[in-house]
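Containing CSV, C-alpha atoms: start15.csv.
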chain,number,residue,atom,x,y,z
A,1,MET,CA,107.3,116.2,98.6
A,2,ARG,CA,103.7,116.3,99.5
A,3,VAL,CA,102.2,112.8,99.9
A,4,PHE,CA,98.6,111.6,100.3
A,5,LEU,CA,98.5,108.3,102.1
A,6,THR,CA,95.6,105.8,102.6
A,7,GLY,CA,95.8,103.2,105.3
A,8,ALA,CA,98.2,105.1,107.6
A,9,THR,CA,96.9,103.3,110.7
A,10,GLY,CA,97.3,99.8,109.0
A,11,TYR,CA,100.3,97.5,109.2
A,12,ILE,CA,102.0,98.5,106.0
A,13,GLY,CA,100.7,102.1,106.0
A,14,SER,CA,101.9,102.9,109.5
A,15,ALA,CA,105.4,101.9,108.5
A,16,VAL,CA,105.2,103.8,105.3
A,17,LEU,CA,104.0,106.9,107.1
A,18,GLU,CA,107.0,106.7,109.5
A,19,ALA,CA,109.4,106.3,106.6
A,20,PHE,CA,108.1,109.4,104.7
A,21,VAL,CA,108.2,111.5,107.9
A,22,ARG,CA,111.8,110.4,108.6
A,23,ALA,CA,112.7,111.4,105.1
A,24,GLY,CA,111.3,114.9,105.7
A,25,HIS,CA,108.2,114.8,103.5
A,26,ARG,CA,104.8,116.2,104.4
A,27,VAL,CA,102.0,113.6,104.5
A,28,THR,CA,98.3,113.9,104.5
A,29,THR,CA,96.6,110.8,105.8
A,30,LEU,CA,93.1,109.6,105.2
A,31,VAL,CA,91.4,108.6,108.4
A,32,ARG,CA,87.9,107.3,109.1
A,33,HIS,CA,87.0,109.1,112.3
A,34,SER,CA,87.1,112.8,113.3
A,35,SER,CA,88.6,111.8,116.7
A,36,THR,CA,91.7,110.5,114.9
A,37,ALA,CA,92.0,113.6,112.8
A,38,SER,CA,91.7,115.9,115.8
A,39,GLU,CA,94.6,114.2,117.7
A,40,GLY,CA,97.1,116.7,116.4
A,41,SER,CA,99.3,116.5,119.4
A,42,SER,CA,99.9,112.7,118.9
A,43,ARG,CA,100.9,113.2,115.2
A,44,PRO,CA,104.5,113.9,114.2
A,45,PRO,CA,105.3,117.2,112.6
A,46,GLY,CA,104.5,117.3,108.9
A,47,VAL,CA,101.5,115.0,109.2
A,48,ASP,CA,97.9,116.2,108.6
A,49,ALA,CA,94.7,114.1,108.5
A,50,VAL,CA,91.5,114.3,106.5
A,51,VAL,CA,88.4,112.4,107.5
A,52,GLY,CA,86.9,110.3,104.7
A,53,ASP,CA,86.0,106.9,103.4
A,54,LEU,CA,87.6,105.0,100.6
A,55,SER,CA,84.2,104.2,99.1
A,56,ASN,CA,83.4,107.9,99.0
A,57,PRO,CA,86.0,109.7,96.8
A,58,GLY,CA,84.3,113.0,97.4
A,59,SER,CA,85.5,112.9,100.9
A,60,TYR,CA,89.2,112.9,100.0
A,61,ILE,CA,90.0,113.9,96.4
A,62,ALA,CA,90.3,117.6,97.4
A,63,ALA,CA,93.0,116.6,99.9
A,64,ALA,CA,94.8,114.4,97.4
A,65,ALA,CA,94.8,116.9,94.5
A,66,PRO,CA,97.6,119.2,95.7
A,67,CYS,CA,100.0,116.4,96.5
A,68,ASP,CA,102.9,115.1,94.5
A,69,ALA,CA,102.4,111.4,95.2
A,70,LEU,CA,99.3,109.4,96.1
A,71,VAL,CA,100.2,106.2,98.1
A,72,HIS,CA,97.4,103.6,98.5
A,73,THR,CA,98.1,101.1,101.2
A,74,ALA,CA,94.6,100.8,102.6
A,75,PHE,CA,92.3,97.8,102.2
A,76,GLU,CA,88.9,97.2,103.7
A,77,SER,CA,88.8,93.7,105.1
A,78,SER,CA,85.2,93.0,104.4
A,79,ALA,CA,83.1,91.3,101.7
A,80,ARG,CA,83.1,94.5,99.8
A,81,GLY,CA,86.8,95.1,100.1
A,82,ALA,CA,87.6,94.4,96.4
A,83,SER,CA,84.8,96.8,95.1
A,84,VAL,CA,85.9,99.5,97.5
A,85,ASP,CA,89.5,99.1,96.4
A,86,ARG,CA,88.4,99.6,92.8
A,87,VAL,CA,86.5,102.7,93.6
A,88,ALA,CA,89.6,104.1,95.4
A,89,VAL,CA,91.9,103.1,92.5
A,90,GLU,CA,89.7,104.9,89.9
A,91,ALA,CA,89.4,108.0,92.1
A,92,LEU,CA,93.1,108.3,92.7
A,93,MET,CA,94.0,107.7,89.1
A,94,ASP,CA,91.5,110.4,88.1
A,95,VAL,CA,93.2,112.8,90.5
A,96,ALA,CA,96.6,111.9,89.0
A,97,ALA,CA,95.3,112.3,85.4
A,98,ARG,CA,93.9,115.8,86.1
A,99,ALA,CA,97.1,117.0,87.8
A,100,THR,CA,99.2,115.6,85.0
A,101,ALA,CA,97.0,117.2,82.3
A,102,ALA,CA,97.5,120.5,84.1
A,103,GLY,CA,101.3,120.2,83.8
A,104,ARG,CA,102.2,118.6,87.1
A,105,ARG,CA,103.0,114.9,86.7
A,106,MET,CA,101.7,113.1,89.7
A,107,ALA,CA,102.8,109.6,91.0
A,108,VAL,CA,100.5,106.9,92.2
A,109,ILE,CA,101.7,104.0,94.2
A,110,TYR,CA,99.3,101.0,94.5
A,111,THR,CA,99.8,98.2,97.0
A,112,SER,CA,99.2,94.8,95.6
A,113,SER,CA,100.7,91.5,96.9
A,114,ALA,CA,103.2,88.9,95.8
A,115,SER,CA,100.4,86.4,96.4
A,116,VAL,CA,99.0,87.4,93.0
A,117,LEU,CA,101.8,85.3,91.5
A,118,GLY,CA,100.4,82.1,92.9
A,119,ASN,CA,102.7,79.1,93.5
A,120,VAL,CA,106.1,79.9,91.9
A,121,ASP,CA,109.3,77.9,92.4
A,122,MET,CA,111.4,79.4,89.6
A,123,ALA,CA,112.4,82.8,91.1
A,124,ALA,CA,109.6,84.9,89.7
A,125,THR,CA,110.6,88.4,88.7
A,126,GLU,CA,108.3,91.4,87.9
A,127,ASP,CA,107.5,90.2,84.4
A,128,ALA,CA,106.0,86.9,85.7
A,129,ALA,CA,102.3,86.4,84.8
A,130,PRO,CA,100.0,86.5,87.8
A,131,ARG,CA,98.2,83.3,88.8
A,132,PRO,CA,96.4,84.3,91.9
A,133,PRO,CA,94.5,82.0,94.3
A,134,ALA,CA,90.8,82.4,94.0
A,135,GLY,CA,90.5,84.9,96.9
A,136,LEU,CA,92.8,87.3,95.1
A,137,SER,CA,91.5,86.8,91.6
A,138,TRP,CA,90.4,90.5,91.5
A,139,ARG,CA,93.8,92.0,92.3
A,140,PRO,CA,95.6,91.7,88.9
A,141,ALA,CA,92.8,93.6,87.3
A,142,HIS,CA,93.3,96.5,89.7
A,143,GLU,CA,97.0,96.4,89.0
A,144,THR,CA,96.2,96.7,85.3
A,145,ALA,CA,93.7,99.5,85.9
A,146,VAL,CA,96.4,101.5,87.6
A,147,LEU,CA,99.1,101.0,85.0
A,148,GLU,CA,96.8,101.5,82.0
A,149,SER,CA,95.2,104.6,83.4
A,150,ALA,CA,98.7,106.1,83.9
A,151,GLN,CA,99.7,105.1,80.4
A,152,ARG,CA,96.7,107.0,79.0
A,153,SER,CA,97.1,110.1,81.1
A,154,GLY,CA,100.9,110.4,81.4
A,155,ALA,CA,100.8,110.1,85.1
A,156,ARG,CA,103.5,107.9,86.8
A,157,ALA,CA,102.2,104.7,88.3
A,158,VAL,CA,103.9,102.1,90.5
A,159,VAL,CA,102.5,98.8,91.6
A,160,VAL,CA,104.2,97.3,94.7
A,161,ARG,CA,103.9,93.6,95.4
A,162,PRO,CA,105.2,93.0,99.0
A,163,GLY,CA,105.9,89.5,100.2
A,164,ILE,CA,104.7,88.5,103.6
A,165,VAL,CA,105.6,91.4,105.9
A,166,TYR,CA,107.2,90.9,109.3
A,167,GLY,CA,108.3,93.1,112.2
A,168,GLY,CA,106.5,95.1,114.8
A,169,ALA,CA,103.2,94.1,116.3
A,170,GLN,CA,101.2,92.8,113.3
A,171,GLY,CA,101.4,90.3,110.5
A,172,ALA,CA,101.7,86.6,109.9
A,173,VAL,CA,105.1,86.2,111.6
A,174,THR,CA,103.9,88.2,114.7
A,175,ASP,CA,100.9,85.8,114.8
A,176,LEU,CA,103.4,82.9,115.0
A,177,LEU,CA,105.3,84.7,117.8
A,178,GLN,CA,102.0,85.2,119.7
A,179,ALA,CA,101.0,81.6,119.1
A,180,ALA,CA,104.3,80.3,120.4
A,181,ALA,CA,103.9,82.4,123.5
A,182,ASN,CA,100.4,80.8,123.9
A,183,GLY,CA,101.9,77.3,123.5
A,184,LEU,CA,100.5,76.2,120.2
A,185,ILE,CA,101.5,77.1,116.7
A,186,ARG,CA,99.2,76.2,113.9
A,187,VAL,CA,100.8,75.7,110.4
A,188,ILE,CA,98.6,75.6,107.3
A,189,GLY,CA,99.6,72.7,105.2
A,190,ASP,CA,102.7,70.6,105.7
A,191,GLY,CA,104.9,73.7,106.2
A,192,SER,CA,107.3,72.9,103.4
A,193,ASN,CA,106.2,75.9,101.4
A,194,ARG,CA,108.5,78.9,101.1
A,195,TRP,CA,107.4,82.4,102.0
A,196,PRO,CA,108.6,85.5,100.2
A,197,THR,CA,109.1,87.8,103.2
A,198,ILE,CA,110.1,91.4,103.8
A,199,TYR,CA,110.8,93.4,107.0
A,200,ASP,CA,108.2,96.2,107.5
A,201,ARG,CA,110.8,99.0,107.7
A,202,ASP,CA,112.6,97.8,104.6
A,203,LEU,CA,109.4,97.8,102.7
A,204,ALA,CA,108.5,101.3,103.8
A,205,GLU,CA,111.9,102.6,102.7
A,206,LEU,CA,111.1,101.2,99.2
A,207,TYR,CA,107.9,103.2,99.1
A,208,VAL,CA,109.9,106.4,99.7
A,209,ARG,CA,112.4,105.5,97.1
A,210,LEU,CA,109.7,104.8,94.6
A,211,ALA,CA,107.8,108.0,95.3
A,212,THR,CA,110.9,110.2,95.0
A,213,ASN,CA,112.4,108.6,91.9
A,214,PRO,CA,110.8,110.1,88.8
A,215,GLU,CA,112.0,107.2,86.7
A,216,ALA,CA,110.3,104.5,88.8
A,217,GLU,CA,107.3,103.1,87.0
A,218,GLY,CA,105.6,99.8,86.6
A,219,VAL,CA,105.6,96.7,88.9
A,220,PHE,CA,108.1,96.3,91.7
A,221,HIS,CA,108.4,93.2,94.0
A,222,ALA,CA,109.5,93.7,97.6
A,223,THR,CA,111.1,90.6,99.2
A,224,ASP,CA,114.2,89.8,101.1
A,225,GLU,CA,114.8,86.8,98.8
A,226,ALA,CA,115.6,84.5,101.8
A,227,ASP,CA,113.2,81.8,100.5
A,228,GLU,CA,112.7,80.4,104.0
A,229,ARG,CA,110.4,77.4,104.5
A,230,VAL,CA,107.5,77.9,107.0
A,231,ASN,CA,108.7,74.9,109.0
A,232,ASP,CA,112.1,76.5,109.4
A,233,ILE,CA,110.6,79.8,110.5
A,234,VAL,CA,108.4,77.9,113.0
A,235,GLU,CA,111.3,75.9,114.3
A,236,ALA,CA,113.4,79.1,114.8
A,237,ILE,CA,110.5,80.7,116.7
A,238,ALA,CA,109.9,77.6,118.8
A,239,ARG,CA,113.6,77.6,119.9
A,240,HIS,CA,113.3,81.1,121.2
A,241,ALA,CA,110.0,80.6,123.1
A,242,ARG,CA,110.2,80.5,126.9
A,243,THR,CA,108.5,77.1,126.8
A,244,ARG,CA,108.7,75.1,123.6
A,245,PRO,CA,105.2,75.2,121.9
A,246,ASP,CA,103.4,72.4,120.3
A,247,VAL,CA,103.1,72.6,116.5
A,248,ARG,CA,99.9,71.5,114.7
A,249,HIS,CA,99.6,71.2,110.9
A,250,VAL,CA,96.2,72.2,109.7
A,251,PRO,CA,94.9,71.0,106.4
A,252,LEU,CA,94.2,73.8,104.0
A,253,PRO,CA,90.5,73.0,103.5
A,254,GLU,CA,90.0,73.2,107.3
A,255,ALA,CA,92.0,76.5,107.5
A,256,ARG,CA,89.9,78.1,104.7
A,257,LEU,CA,86.7,77.6,106.9
A,258,LYS,CA,88.2,79.9,109.5
A,259,LEU,CA,90.5,82.2,107.7
A,260,GLY,CA,89.0,82.4,104.2
A,261,PRO,CA,91.3,83.6,101.3
A,262,TYR,CA,94.0,84.4,103.8
A,263,ALA,CA,94.6,80.7,104.3
A,264,ASP,CA,95.4,80.3,100.6
A,265,ALA,CA,97.8,83.2,100.6
A,266,VAL,CA,100.0,81.9,103.4
A,267,ALA,CA,99.9,78.3,102.0
A,268,LEU,CA,101.5,79.4,98.7
A,269,ASP,CA,105.0,78.1,97.9
A,270,GLN,CA,106.8,81.1,96.4
A,271,VAL,CA,110.3,82.1,95.3
A,272,VAL,CA,110.1,85.8,94.4
A,273,ARG,CA,112.8,88.1,93.3
A,274,SER,CA,112.9,91.9,93.6
A,275,THR,CA,115.0,92.6,90.6
A,276,ARG,CA,113.6,96.0,89.6
A,277,ALA,CA,113.7,97.4,93.2
A,278,ARG,CA,117.3,96.4,93.6
A,279,THR,CA,118.2,98.3,90.4
A,280,LEU,CA,117.1,101.4,92.2
A,281,GLY,CA,119.7,100.8,94.9
A,282,TRP,CA,117.2,99.4,97.4
A,283,SER,CA,118.6,96.6,99.6
A,284,PRO,CA,116.8,95.2,102.6
A,285,SER,CA,118.6,95.6,105.9
A,286,LEU,CA,117.2,92.3,107.2
A,287,HIS,CA,117.6,89.2,105.1
A,288,SER,CA,115.8,86.5,107.0
A,289,ILE,CA,113.3,85.7,109.7
A,290,THR,CA,115.1,82.7,111.2
A,291,GLY,CA,118.3,84.8,111.7
A,292,ASN,CA,116.4,87.6,113.4
A,293,VAL,CA,113.9,86.0,115.8
A,294,ALA,CA,115.5,87.5,118.9
A,295,ARG,CA,115.1,91.0,117.4
A,296,LEU,CA,111.5,90.3,116.2
A,297,LEU,CA,110.6,89.0,119.7
A,298,GLU,CA,111.9,92.1,121.3
A,299,GLU,CA,109.9,94.3,118.9
A,300,PHE,CA,106.8,92.2,119.6
A,301,ARG,CA,107.2,92.3,123.4
A,302,SER,CA,107.9,96.1,123.3
A,303,ALA,CA,104.7,96.6,121.2
A,304,GLN,CA,102.7,94.5,123.7
A,305,ALA,CA,104.0,96.5,126.6
A,306,ALA,CA,103.2,99.8,124.9
A,307,ALA,CA,99.6,98.7,124.1

Please re-express this file's structure in structure tokens.
Amino acid sequence: MRVFLTGATGYIGSAVLEAFVRAGHRVTTLVRHSSTASEGSSRPPGVDAVVGDLSNPGSYIAAAAPCDALVHTAFESSARGASVDRVAVEALMDVAARATAAGRRMAVIYTSSASVLGNVDMAATEDAAPRPPAGLSWRPAHETAVLESAQRSGARAVVVRPGIVYGGAQGAVTDLLQAAANGLIRVIGDGSNRWPTIYDRDLAELYVRLATNPEAEGVFHATDEADERVNDIVEAIARHARTRPDVRHVPLPEARLKLGPYADAVALDQVVRSTRARTLGWSPSLHSITGNVARLLEEFRSAQAAA
């Protein structure tokens, strides 16, 4: 399979790239700088790069057009992030529509977030109505744009809603590991909220499964269904720290001043189920953070040493 991937240097995208390469697929990645594209010796076999910008579809649609699946994991973390994402969504769906009209049904995988569900304590499945916090109020409309465009054109569209991703050198859990090493963990709110979490490699394997299964369409959640409370995660991390860190609970309004919409996302209390993903035979290899802190610490320290 030929795959076009945005966000390949990001947290989710880098894991997704590795998963597609492991599975033997050829991947074209969208990169921002020519220096990255020219580093051919550092790329694994089967990976090509095209220089472009999400906000300028003309810079990448030619590279996307010959592919079998378009996987969108990139997001610009700036004030114009939502508008750039909409431009990219419309461009990728147009590529898919043209290919499908020409007799080659193309798949598009769009990366959303379980955060669009808002606070949910009744095991939300994929048919739950989104109730996003204010900072993500734009995201459901982009999900709908992807799904409705595919319905009109006959292309195959998938929306992935990952929980809070952990593993490796990035993400909210790695931030907690780093904070513990520094001696002070800040928890937004009282810490009684439950996080829907997913190991980065397990999430990446789901992307490959979704891209290669011609029957996979619609919304798919990606969580390990551990339903662990933030306080329990923090306590497990604190127990593994070389010196037990202090823990400070930060009121949400105060956290918003520094972190913006991200603060609302990690303060949500969510119980999220991945019913549709499991019907495809997908099953996470890791089922909790608290039970795997030693492993996650080793990954974190290895990443630090390699940096």

Note to self: Measuring between only C-alpha atoms, which one of A:Ser274, A:Ser55, A:Gln151, A:Ser285 shows the shortest distance to Thr223 of chain A?
What the structure shows: A:Ser274

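Nearest residue to Ser137 of chain A, choosing from A:Ala265, A:Leu297, A:Cys67, A:Ile164 and counting only C-alpha atoms: A:Ala265.
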
Notebook entry, point to check: When distances are computed from only C-alpha atoms, which of A:Leu147, A:Ala114, A:Val27, A:Ala241 shows the smallest separation from Pro132 of chain A?
Noted result: A:Ala114

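The residue that comes closest to Ser113 of chain A, out of A:Ala64, A:Leu286, A:Ala145, A:Val159 and on the basis of only C-alpha atoms, is A:Val159.
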
Notebook entry, point to check: Can you find the residues with an atom no farther than 7 Å from (99.7, 102.4, 92.6), counting only C-alpha atoms, and report them as an MDAnalysis selection string?
Noted result: chainID A and resid 71:72 108:111 146 157:159

Please, could N, CA and C atoms be added to segment 257-278 of chain A and the result written as a JSON list (two decimals), keeping the file's coordinate frame?
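As a result, result_35.json now contains:
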[["chain", "number", "residue", "atom", "x", "y", "z"],
["A", 257, "LEU", "N", 88.02, 77.39, 106.20],
["A", 257, "LEU", "CA", 86.70, 77.60, 106.90],
["A", 257, "LEU", "C", 86.84, 78.69, 107.92],
["A", 258, "LYS", "N", 88.02, 78.86, 108.51],
["A", 258, "LYS", "CA", 88.20, 79.90, 109.50],
["A", 258, "LYS", "C", 88.80, 81.16, 109.01],
["A", 259, "LEU", "N", 89.74, 81.04, 108.08],
["A", 259, "LEU", "CA", 90.50, 82.20, 107.70],
["A", 259, "LEU", "C", 90.16, 82.72, 106.28],
["A", 260, "GLY", "N", 89.36, 81.97, 105.51],
["A", 260, "GLY", "CA", 89.00, 82.40, 104.20],
["A", 260, "GLY", "C", 90.16, 82.50, 103.23],
["A", 261, "PRO", "N", 90.19, 83.50, 102.33],
["A", 261, "PRO", "CA", 91.30, 83.60, 101.30],
["A", 261, "PRO", "C", 92.65, 83.76, 101.92],
["A", 262, "TYR", "N", 92.74, 84.28, 103.14],
["A", 262, "TYR", "CA", 94.00, 84.40, 103.80],
["A", 262, "TYR", "C", 94.77, 83.10, 103.90],
["A", 263, "ALA", "N", 94.01, 82.04, 104.13],
["A", 263, "ALA", "CA", 94.60, 80.70, 104.30],
["A", 263, "ALA", "C", 95.34, 80.31, 102.98],
["A", 264, "ASP", "N", 94.73, 80.59, 101.84],
["A", 264, "ASP", "CA", 95.40, 80.30, 100.60],
["A", 264, "ASP", "C", 96.64, 81.06, 100.35],
["A", 265, "ALA", "N", 96.61, 82.32, 100.76],
["A", 265, "ALA", "CA", 97.80, 83.20, 100.60],
["A", 265, "ALA", "C", 98.99, 82.70, 101.33],
["A", 266, "VAL", "N", 98.81, 82.31, 102.59],
["A", 266, "VAL", "CA", 100.00, 81.90, 103.40],
["A", 266, "VAL", "C", 100.35, 80.45, 103.13],
["A", 267, "ALA", "N", 99.52, 79.71, 102.38],
["A", 267, "ALA", "CA", 99.90, 78.30, 102.00],
["A", 267, "ALA", "C", 100.62, 78.24, 100.71],
["A", 268, "LEU", "N", 100.76, 79.37, 100.00],
["A", 268, "LEU", "CA", 101.50, 79.40, 98.70],
["A", 268, "LEU", "C", 102.94, 79.02, 98.91],
["A", 269, "ASP", "N", 103.52, 78.35, 97.92],
["A", 269, "ASP", "CA", 105.00, 78.10, 97.90],
["A", 269, "ASP", "C", 105.53, 79.04, 96.84],
["A", 270, "GLN", "N", 106.35, 80.03, 97.28],
["A", 270, "GLN", "CA", 106.80, 81.10, 96.40],
["A", 270, "GLN", "C", 108.27, 81.42, 96.52],
["A", 271, "VAL", "N", 108.90, 81.55, 95.38],
["A", 271, "VAL", "CA", 110.30, 82.10, 95.30],
["A", 271, "VAL", "C", 110.16, 83.35, 94.44],
["A", 272, "VAL", "N", 110.32, 84.50, 95.04],
["A", 272, "VAL", "CA", 110.10, 85.80, 94.40],
["A", 272, "VAL", "C", 111.29, 86.67, 94.46],
["A", 273, "ARG", "N", 111.65, 87.26, 93.35],
["A", 273, "ARG", "CA", 112.80, 88.10, 93.30],
["A", 273, "ARG", "C", 112.38, 89.59, 93.09],
["A", 274, "SER", "N", 113.15, 90.50, 93.67],
["A", 274, "SER", "CA", 112.90, 91.90, 93.60],
["A", 274, "SER", "C", 113.86, 92.64, 92.72],
["A", 275, "THR", "N", 113.97, 92.16, 91.51],
["A", 275, "THR", "CA", 115.00, 92.60, 90.60],
["A", 275, "THR", "C", 114.93, 94.11, 90.32],
["A", 276, "ARG", "N", 113.75, 94.61, 90.01],
["A", 276, "ARG", "CA", 113.60, 96.00, 89.60],
["A", 276, "ARG", "C", 113.86, 96.95, 90.82],
["A", 277, "ALA", "N", 113.42, 96.54, 92.01],
["A", 277, "ALA", "CA", 113.70, 97.40, 93.20],
["A", 277, "ALA", "C", 115.15, 97.48, 93.48],
["A", 278, "ARG", "N", 115.87, 96.40, 93.29],
["A", 278, "ARG", "CA", 117.30, 96.40, 93.60],
["A", 278, "ARG", "C", 118.07, 97.29, 92.56]]
